[in-house]
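Quick notes on the structure that follows.
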Amino acid sequence: MSVAPANDIAPSNKKLLLYEASTQFKNWRYSGERLVHIRATLNKAAVAAIRVKIETDEPGSSKDVFFLTPDDEVLLVKLYITKIGQLCGFFRFPEEVEATAVTYLKRFYLQNTVMDWHPKNVMLTALFLASKTTNNPISLESYTSHIPKTVASDVLDLEFLVAQSLGFEFAVWHAHRALWGIWLDIQNLSDSMQGLTPEVYDAALNHVRASRLTDAELIYTPSQIALAAISLVLPDITSQWVATKQLNGSSGLANVLDDIKAMISTHGLTPDVESVREVDRRLKLCKNPEKVVGSRAYLTRKREEEMIAEEKRNKKLQKGNVEQDPFGNPLRQRKGLVDYDDDDDDDD
Amino acid sequence: MDAVEKANTERQRRWVKDKKVGEGTYAVVYQGREASTGRKVAIKKIKVGQFKDGLDMSAIREVKYLRELKHENVIELLDVFSSKTNLNLVLEFLDSDLEMIVKDRALVFLPADIKSWMAMTFRGLEFCHRNFVLHRDLKPNNLLIASNGVLKIADFGLARDYADPGYKMTCQVITRWYRPPELLFGSRYYSSAVDIWSVGCIFAELMLRIPYLPGESDMDQLKTIFRALGTPTEEEWPGHTKLPDYVPVGQFPKPAMRDLFTAASADTLNLLSKCLIYEPRKRITAREALTHPYFFALPYPTFPSKLPKCSNQFSARPLEEVDGNVEMNASGPGVKARSLKRKLTPDEVEDRRSIARRLDFSKHTPGS
């Protein structure tokens, strides 16, 4: 799997590159401005909604709340991106699991806000889901038993929400794959072999890893990020390689690379724990009360959901009564905690 | 309601379930339609709540790959939504499958018909392989047929990306009769060639109208293969005796294919034998197959809409593709593939055996 695998199939310009047919290319690329806008909009809507809920819970209490800003949210998510790395090290997951989980987490927070769903939980679900989508599944039991204070429902309760937020688009193209492709290809340059030690590759890979803490993958292609990472380590060889690929014609490549490099060096750092702690403290006060188990808003919402469910059950019961067996209805056997036969036709 | 949930509910409303057309252990399939257009669809509802590990691997694989793969000869996944503890896949509606067509004794296949099905299979498969996806469960009832005759590869529940060189994959894949010898010998490093073997078996089945290599157990499968194609020599397939599960199963001479496929043209037999080459690296690729002289020789492939069609369409399509699931009680990474037993009723098995017996293999396997 190299950077541009479709090239050898058909030289015709009309043919779509494989990457261009991917859901990543079609649905998960943004401009920097667009990202800012999306996050601001989500944040604003969440703050407004939560303010109303806090007021219903306890009138007048929302004016002292310092809600999170979009930047606060990004910072908190970033901390949990680093936690994914730690967990992956612990479980010895391959690089692909980690990279995929990180992508899932970032994509999730382009649809949802930290004030509704704490990244601490979403991160666990994203990683578990990524282990399955990348074909490295482990049992939920062994997953949760190795993570302190975590039970199965912490992971599974959010699985659908995470999958929905991803639009059920699980395949992700990664920069570390592209880096490997470039690394192999660069060795074809006649005079480049001396400098290409494993340490150099690892240094480039570390830049790719740093890029995961940034928005780079939401803006640039995996191969652009990989190229930037390797050019941070091997500037001369990289430009030589680029020249042989005649990529110079695509104007702006240099600018793109400079952008990514700047992103990696300014944002590709583990966030300062103190500042994250401050954000997390404020989050305790401004998170959506509907999602806080036991709060008044939470109970109200649960009650509403119960009522709707009850109504549905009654309707079904009435429907059932019409065709009652004159000899009495057969006893219903429950197979487990949940009766799955129950919902065959009532969810349209 | 959250925006994401709301979007999910909206998706759900786009589709209407009309009637149940099949039920398996883990899934129910409905015939349905798009509410706004009336377009017919199939809705596969997977009961996720039953799995202790959440979304199960075959559902995840199917969604993952079908979300990405859009091709005329690959089934189209139109939408995905969840409802309570269920995952719903909205798929294009397809009338029948190649197994039903092969079994329908009322139908007569012309060589041009077989060429057409093969061309569509190879085209879809070439697209999968070009996208680095191994299907790993090709067989006639996973090749679905649309009402206009177009063939589409379906059921990606066992599919995966090619592993990088040096990374293991499970050999417990592909339904036995279509499973290549390298998997039967336990090879954990393999390639797109595994799918090509399956296509070769399907190709032969289209000509014979019965499964070509119907082994009764994994061991018998190897024997069946060798009886039909001769026991491989070290020269033909270097290193195969070093594979993890290698066992000698007897020496069978290589019979002439022509003796069994009496009506086939030289081009046909050439392509067929290239799909069934023992050495996986020498086996033809999907892309090479598409440029094989077979496809350029007369008769030209039948136009899809003119292909033989089943009279009893989609009445009781068995749901075996959604029955199996990956067991995830393993403690570490790694997949235990589902059991791959082809589910036949005892009657069916008996029926097939008697057909197979009628085919006189002894004629060209004097060693057995």
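The chains in the structure tokens are called A, B, ... from first to last as shown; in each chain the residues are counted from 1, and the ligands are counted from 1 in the order shown.
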How close does chain B get to chain A? List, as a Markdown table, each residue of chain B within 8 Å, its nearest atom pair and the distance in Å to one decimal, counting only C-alpha atoms.
```
| residue | atom | partner | partner_atom | distance |
| --- | --- | --- | --- | --- |
| B:Ala3 | CA | A:Gln111 | CA | 7.6 |
| B:Val4 | CA | A:Ser165 | CA | 6.0 |
| B:Glu5 | CA | A:Leu161 | CA | 7.4 |
| B:Asn8 | CA | A:Gln164 | CA | 7.0 |
| B:Gln12 | CA | A:Asp348 | CA | 7.2 |
| B:Arg13 | CA | A:Asp348 | CA | 7.2 |
| B:Val16 | CA | A:Asp348 | CA | 6.6 |
| B:Lys17 | CA | A:Asp348 | CA | 6.8 |
| B:Lys47 | CA | A:Tyr340 | CA | 7.5 |
| B:Gly49 | CA | A:Tyr340 | CA | 7.7 |
| B:Gln50 | CA | A:Tyr340 | CA | 7.9 |
| B:Lys52 | CA | A:Leu140 | CA | 7.4 |
| B:Asp53 | CA | A:Leu140 | CA | 5.3 |
| B:Gly54 | CA | A:Leu156 | CA | 6.1 |
| B:Leu55 | CA | A:Glu159 | CA | 7.8 |
| B:Met57 | CA | A:Lys132 | CA | 6.5 |
| B:Ile60 | CA | A:Thr133 | CA | 6.2 |
| B:Arg61 | CA | A:Thr133 | CA | 6.9 |
| B:Val63 | CA | A:Phe168 | CA | 7.0 |
| B:Lys64 | CA | A:Phe170 | CA | 5.2 |
| B:Tyr65 | CA | A:Ala171 | CA | 7.5 |
| B:Arg67 | CA | A:Glu169 | CA | 6.3 |
| B:Glu68 | CA | A:Ser22 | CA | 5.7 |
| B:Val80 | CA | A:Phe168 | CA | 6.9 |
| B:Phe81 | CA | A:Gln164 | CA | 7.4 |
| B:Ser82 | CA | A:Phe160 | CA | 7.2 |
| B:Ser83 | CA | A:Asp347 | CA | 6.5 |
| B:Lys84 | CA | A:Asp347 | CA | 7.9 |
| B:Arg130 | CA | A:Ala6 | CA | 7.8 |
| B:Asn131 | CA | A:Leu18 | CA | 7.0 |
| B:Phe132 | CA | A:Met1 | CA | 7.8 |
| B:Arg160 | CA | A:Asn135 | CA | 7.6 |
| B:Met328 | CA | A:Ser139 | CA | 5.3 |
| B:Asn329 | CA | A:Ser139 | CA | 5.6 |
| B:Ala330 | CA | A:Ser139 | CA | 6.5 |
| B:Ser331 | CA | A:Ile138 | CA | 6.1 |
| B:Gly332 | CA | A:Ile138 | CA | 5.5 |
| B:Pro333 | CA | A:Asn136 | CA | 4.9 |
| B:Gly334 | CA | A:Asn136 | CA | 5.7 |
| B:Val335 | CA | A:Pro137 | CA | 6.8 |
```
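Shell of region 252-254 of chain A at 10 Å, with only C-alpha atoms counted and residues fewer than 5 places along the chain excluded, is Gln224, Leu227, Ala228, Ser239, Val242, Leu247, Asp259 and Ile260 of chain A.
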Worksheet entry | Residue contacts of region 204-207 of chain B (9 Å, only C-alpha atoms) excluding same-chain residues fewer than 5 positions away, as a PyMOL selection string | chain B and resi 98+102+109+111+114+140+199+212-213+261+263-264+272
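In this structure, CA of Asp218 (chain B) sits 10.9 Å away from CA of Pro180 (chain B).
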Practice prompt. Looking only at helix (DSSP H, G or I) from DSSP on the backbone, list the matching residues of region 81-171 of chain A as JSON, numbers by chain.
Written response: {"A": [81, 82, 83, 84, 85, 86, 87, 88, 89, 90, 91, 95, 96, 97, 98, 99, 100, 101, 102, 103, 104, 105, 106, 107, 108, 119, 120, 121, 122, 123, 124, 125, 126, 127, 128, 129, 130, 131, 132, 133, 140, 141, 142, 143, 144, 145, 152, 153, 154, 155, 156, 159, 160, 161, 162, 163, 164, 165]}
Could you take the residues named above and write them with C-alpha atoms, as a tab-separated table (two decimals), in the first residue's frame?
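Once written, result_31.tsv looks like this:
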```
chain	number	residue	atom	x	y	z
A	81	ILE	CA	-5.57	11.65	22.24
A	82	THR	CA	-2.38	11.20	24.23
A	83	LYS	CA	-4.21	8.77	26.52
A	84	ILE	CA	-5.10	6.64	23.49
A	85	GLY	CA	-1.40	6.34	22.79
A	86	GLN	CA	-0.74	5.17	26.33
A	87	LEU	CA	-3.49	2.57	26.24
A	88	CYS	CA	-2.31	1.28	22.86
A	89	GLY	CA	1.16	0.84	24.26
A	90	PHE	CA	-0.31	-1.10	27.14
A	91	PHE	CA	-2.39	-3.39	24.94
A	95	GLU	CA	0.05	1.61	15.06
A	96	GLU	CA	-3.05	1.38	12.92
A	97	VAL	CA	-5.34	0.89	15.91
A	98	GLU	CA	-3.96	3.96	17.62
A	99	ALA	CA	-4.10	6.13	14.52
A	100	THR	CA	-7.65	4.99	13.75
A	101	ALA	CA	-8.88	5.60	17.29
A	102	VAL	CA	-7.39	9.09	17.24
A	103	THR	CA	-9.13	9.84	13.96
A	104	TYR	CA	-12.42	8.55	15.36
A	105	LEU	CA	-12.08	10.74	18.42
A	106	LYS	CA	-11.41	13.84	16.32
A	107	ARG	CA	-14.23	13.12	13.92
A	108	PHE	CA	-16.57	12.49	16.83
A	119	PRO	CA	-13.71	12.48	25.97
A	120	LYS	CA	-12.67	10.19	28.80
A	121	ASN	CA	-15.58	7.89	27.86
A	122	VAL	CA	-15.63	8.53	24.15
A	123	MET	CA	-11.93	7.74	23.95
A	124	LEU	CA	-12.49	4.29	25.46
A	125	THR	CA	-15.26	3.51	23.00
A	126	ALA	CA	-13.35	4.93	20.03
A	127	LEU	CA	-10.34	2.76	20.83
A	128	PHE	CA	-12.39	-0.38	21.34
A	129	LEU	CA	-14.23	0.25	18.08
A	130	ALA	CA	-10.95	0.95	16.27
A	131	SER	CA	-9.49	-2.33	17.49
A	132	LYS	CA	-12.39	-4.08	15.77
A	133	THR	CA	-12.49	-2.04	12.57
A	140	LEU	CA	-14.50	-6.50	25.92
A	141	GLU	CA	-13.79	-8.27	29.16
A	142	SER	CA	-10.05	-8.26	28.74
A	143	TYR	CA	-10.26	-4.67	27.49
A	144	THR	CA	-12.13	-3.31	30.48
A	145	SER	CA	-10.42	-5.47	33.07
A	152	ALA	CA	-18.38	-3.00	29.95
A	153	SER	CA	-21.24	-0.51	29.75
A	154	ASP	CA	-18.82	2.44	29.82
A	155	VAL	CA	-17.56	1.20	26.48
A	156	LEU	CA	-20.68	-0.25	24.88
A	159	GLU	CA	-20.68	2.46	20.68
A	160	PHE	CA	-23.69	3.28	18.55
A	161	LEU	CA	-23.32	6.99	19.17
A	162	VAL	CA	-19.69	6.89	18.12
A	163	ALA	CA	-20.45	4.75	15.07
A	164	GLN	CA	-23.28	7.08	14.09
A	165	SER	CA	-21.11	10.14	14.56
```
Worksheet item: Suppose you want the space between CA of Leu179 (chain A) and CA of Ser231 (chain A); what is it in Å?
Response: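 According to the coordinates, CA of Leu179 (chain A) and CA of Ser231 (chain A) are separated by 10.8 Å.
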Discussion item. At a cut-off of 12 Å, using only C-alpha atoms, what residues contact Phe127 (chain B)? Leave out same-chain residues fewer than 2 positions from it and give the result as a ChimeraX atom specification.
Written reply: /A:6,9,18,21 /B:65,68-74,120-125,129-135,152-153,192,285-287,290
Fill in: Shell around region 296-312 of chain B at 12 Å using only C-alpha atoms, local window under 5 positions removed, as a VMD selection string
chain B and resid 73 95 to 120 144 to 152 265 to 268 289 to 291 317
Worksheet item: What separation in Å, quoted to one decimal, exists between CA of Thr214 (chain A) and CA of Leu196 (chain A)?
Response: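 CA of Leu196 (chain A) lies 26.7 Å from CA of Thr214 (chain A).
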